[in-house]
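Presented below is the structure to which this report refers.
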Amino acid sequence: MDDYDRRHFIKTSLPGFLGLGLALPQLTAFATRANACQGRVPVGASINWDAFLEGVAHEAAKQHLDSWSERSYVQAASQLARRLNLKDPGLETAFQNVVAGLGDGRIDFEPLEKQRDFHVTLLQFEKEEAILPHNHPEMTGVILCASGEIEVWNYDLLEKKEQEEEVLLEETGHDLLRKGQVSTLTSRERNIHTLQAKELTQLIDIFAPPYDEEKIENSSWYELDPDPLQEGSRVHRATLR
Ligand SMILES: [Fe+2]
């Protein structure tokens, strides 16, 4: 962006005046971006993509502090996600790109942002498409439903014996996620999830810290026994795939 300093506002020649007029929308957008996360945008008002990224970066940077609270982070990031203007031009290309994936019989992934402390991805599920139960090693996740309707089950790992393929998973959440709603997980709570779309659904996933080679390597996928250990229980046997 060009620099606009005090001189531009004092010296108002005609070209300068016209230039300022042209620049005003950009200046306003810059001010909105800069201020949105410091309380100048009314509470609950929608925020643009830049302000959203700025807010998430601010919250995710706290993961390097001793006082880092994953619970507080996912709450703060959820609030930002709920306020994100999904029609922001910064998201337009990604939404256009996933259209090409319609009918390909698999979940489509479109990267939106990758920074040191987090990354954001657009996912597209067609009706009935599902992702098998999997964990997110030492990560937090905030999942915003951008369109459609998807069923989400979350689990906590109860027991894992060394050298054994079988584990026990406790169902700790079962939600129907609709547009504008958010699902969260931390490294200790609800870390394992499985999702199945009721209709064409698009999700915006925010993971902090971001995936890297080690995290991908340490990821686990499970085959879940749909029946609980006993009637009324939420504990299921699962086998590592
Ligand atoms: Fe996941």
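Letters A, B, ... go to the chains of the structure tokens in the order shown; residues in each chain start at 1; ligands are counted from 1 in the same order.
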
Legend entry - Secondary structure check, strand (DSSP E or B) residues of segment 9-218 of chain A, as a PyMOL selection string: chain A and resi 47+84+108-114+119-125+130-134+140-147+149-160+166-178+182-185+192-197+201-208

Test item: residues no farther than 7 Å from ligand 1, counting only C-alpha atoms and all ligand atoms, as a PDB file with C-alpha atoms, in the first residue's frame:
ATOM      1  CA  HIS A 134      -8.563 -39.623  13.225  1.00  0.00           C
ATOM      2  CA  ASN A 135      -6.602 -37.666  15.792  1.00  0.00           C
ATOM      3  CA  HIS A 136      -4.665 -34.380  15.607  1.00  0.00           C
ATOM      4  CA  HIS A 193     -13.207 -36.803  15.365  1.00  0.00           C
TER       5      HIS A 193
END

So which residues touch Asp104 of chain A within 12 Å, counting only C-alpha atoms, skipping near sequence neighbours fewer than 6 positions away, as a short mmCIF file (atom, residue, chain, number, x, y, z; two decimals) with N, CA and C atoms, in the first residue's frame?
data_model
loop_
_atom_site.label_atom_id
_atom_site.label_comp_id
_atom_site.auth_asym_id
_atom_site.auth_seq_id
_atom_site.Cartn_x
_atom_site.Cartn_y
_atom_site.Cartn_z
N VAL A 98 -12.82 -25.06 -5.32
CA VAL A 98 -13.39 -26.33 -4.87
C VAL A 98 -14.57 -26.79 -5.73
N GLN A 124 -14.23 -29.44 1.35
CA GLN A 124 -15.56 -29.61 0.76
C GLN A 124 -15.96 -31.08 0.78
N PHE A 125 -17.10 -31.36 1.38
CA PHE A 125 -17.66 -32.71 1.44
C PHE A 125 -18.94 -32.70 0.59
N GLU A 126 -19.09 -33.72 -0.23
CA GLU A 126 -20.38 -33.87 -0.90
C GLU A 126 -21.28 -34.73 -0.02
N GLU A 129 -20.42 -37.96 2.02
CA GLU A 129 -18.97 -38.14 2.14
C GLU A 129 -18.57 -38.02 3.60
#

Legend entry - Spatial neighbours of Ala45 of chain A, 10 Å, only C-alpha atoms, chain gap at least 6 places, as a VMD selection string: chain A and resid 36 82 to 85

Please, could you write that set of residues out with N, CA and C atoms as an mmCIF file, in the first residue's frame?
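To be explicit, this is the file written out as part25.cif:
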data_model
loop_
_atom_site.group_PDB
_atom_site.id
_atom_site.type_symbol
_atom_site.label_atom_id
_atom_site.label_comp_id
_atom_site.auth_asym_id
_atom_site.auth_seq_id
_atom_site.Cartn_x
_atom_site.Cartn_y
_atom_site.Cartn_z
ATOM 1 N N ALA A 36 -10.041 -4.000 13.583
ATOM 2 C CA ALA A 36 -11.126 -4.938 13.847
ATOM 3 C C ALA A 36 -10.906 -5.755 15.093
ATOM 4 N N ARG A 82 -16.795 -17.309 13.895
ATOM 5 C CA ARG A 82 -18.236 -17.025 13.756
ATOM 6 C C ARG A 82 -18.472 -15.655 13.124
ATOM 7 N N ARG A 83 -17.517 -14.749 13.321
ATOM 8 C CA ARG A 83 -17.684 -13.381 12.815
ATOM 9 C C ARG A 83 -17.138 -13.202 11.404
ATOM 10 N N LEU A 84 -16.430 -14.216 10.891
ATOM 11 C CA LEU A 84 -15.789 -14.073 9.583
ATOM 12 C C LEU A 84 -16.828 -13.862 8.483
ATOM 13 N N ASN A 85 -16.608 -12.809 7.672
ATOM 14 C CA ASN A 85 -17.470 -12.562 6.517
ATOM 15 C C ASN A 85 -17.099 -13.553 5.415
#

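Residues surrounding Leu86 of chain A within 9 Å are Asn48, Trp49, Arg83, Pro89, Leu91, Glu92 and Ala146 of chain A [only C-alpha atoms; sequence separation below 3 positions excluded].
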
Keeping only N, CA and C atoms, write the selected residues to a file as a PDB file, in the first residue's frame.
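File again-v8.pdb, as written:
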ATOM      1  N   ASN A  48     -13.518  -8.911   8.231  1.00  0.00           N
ATOM      2  CA  ASN A  48     -13.015  -9.361   6.941  1.00  0.00           C
ATOM      3  C   ASN A  48     -11.900 -10.407   7.121  1.00  0.00           C
ATOM      4  N   TRP A  49     -11.468 -10.978   6.000  1.00  0.00           N
ATOM      5  CA  TRP A  49     -10.493 -12.070   6.031  1.00  0.00           C
ATOM      6  C   TRP A  49      -9.174 -11.639   6.681  1.00  0.00           C
ATOM      7  N   ARG A  83     -17.517 -14.749  13.321  1.00  0.00           N
ATOM      8  CA  ARG A  83     -17.684 -13.381  12.815  1.00  0.00           C
ATOM      9  C   ARG A  83     -17.138 -13.202  11.404  1.00  0.00           C
ATOM     10  N   PRO A  89     -13.701 -11.068  -0.369  1.00  0.00           N
ATOM     11  CA  PRO A  89     -12.966 -11.400  -1.604  1.00  0.00           C
ATOM     12  C   PRO A  89     -11.733 -12.286  -1.364  1.00  0.00           C
ATOM     13  N   LEU A  91     -11.565 -14.896   0.167  1.00  0.00           N
ATOM     14  CA  LEU A  91     -11.943 -16.319   0.177  1.00  0.00           C
ATOM     15  C   LEU A  91     -12.485 -16.785  -1.164  1.00  0.00           C
ATOM     16  N   GLU A  92     -12.725 -15.805  -2.046  1.00  0.00           N
ATOM     17  CA  GLU A  92     -13.434 -16.073  -3.283  1.00  0.00           C
ATOM     18  C   GLU A  92     -12.760 -17.150  -4.147  1.00  0.00           C
ATOM     19  N   ALA A 146     -19.050 -23.413   6.742  1.00  0.00           N
ATOM     20  CA  ALA A 146     -19.273 -22.272   5.854  1.00  0.00           C
ATOM     21  C   ALA A 146     -20.547 -22.441   5.030  1.00  0.00           C
TER      22      ALA A 146
END

With only C-alpha atoms counted and 12 Å as the cut-off, give the residues of segment 58-167 of chain A in contact with segment 216-221 of chain A, each with its shortest interatomic distance in Å and the pair that gives it, as a tab-separated table.
residue	atom	partner	partner_atom	distance
A:Ile131	CA	A:Trp221	CA	9.9
A:Leu132	CA	A:Trp221	CA	7.0
A:Pro133	CA	A:Trp221	CA	5.8
A:His134	CA	A:Trp221	CA	4.4
A:Asn135	CA	A:Ser220	CA	5.6
A:His136	CA	A:Ser219	CA	6.2
A:Pro137	CA	A:Ser219	CA	6.0
A:Glu138	CA	A:Asn218	CA	9.5
A:Met139	CA	A:Ser219	CA	10.6
A:Leu157	CA	A:Ser220	CA	11.2
A:Lys160	CA	A:Ser220	CA	11.9
A:Glu165	CA	A:Ser220	CA	10.9
A:Glu166	CA	A:Trp221	CA	11.7
A:Val167	CA	A:Ser220	CA	11.2

Legend entry - Per-residue DSSP, chain A, filtered to helix (DSSP H, G or I), as an MDAnalysis selection string: chainID A and resid 6:10 14:38 49:64 70:83 89:99 213:217
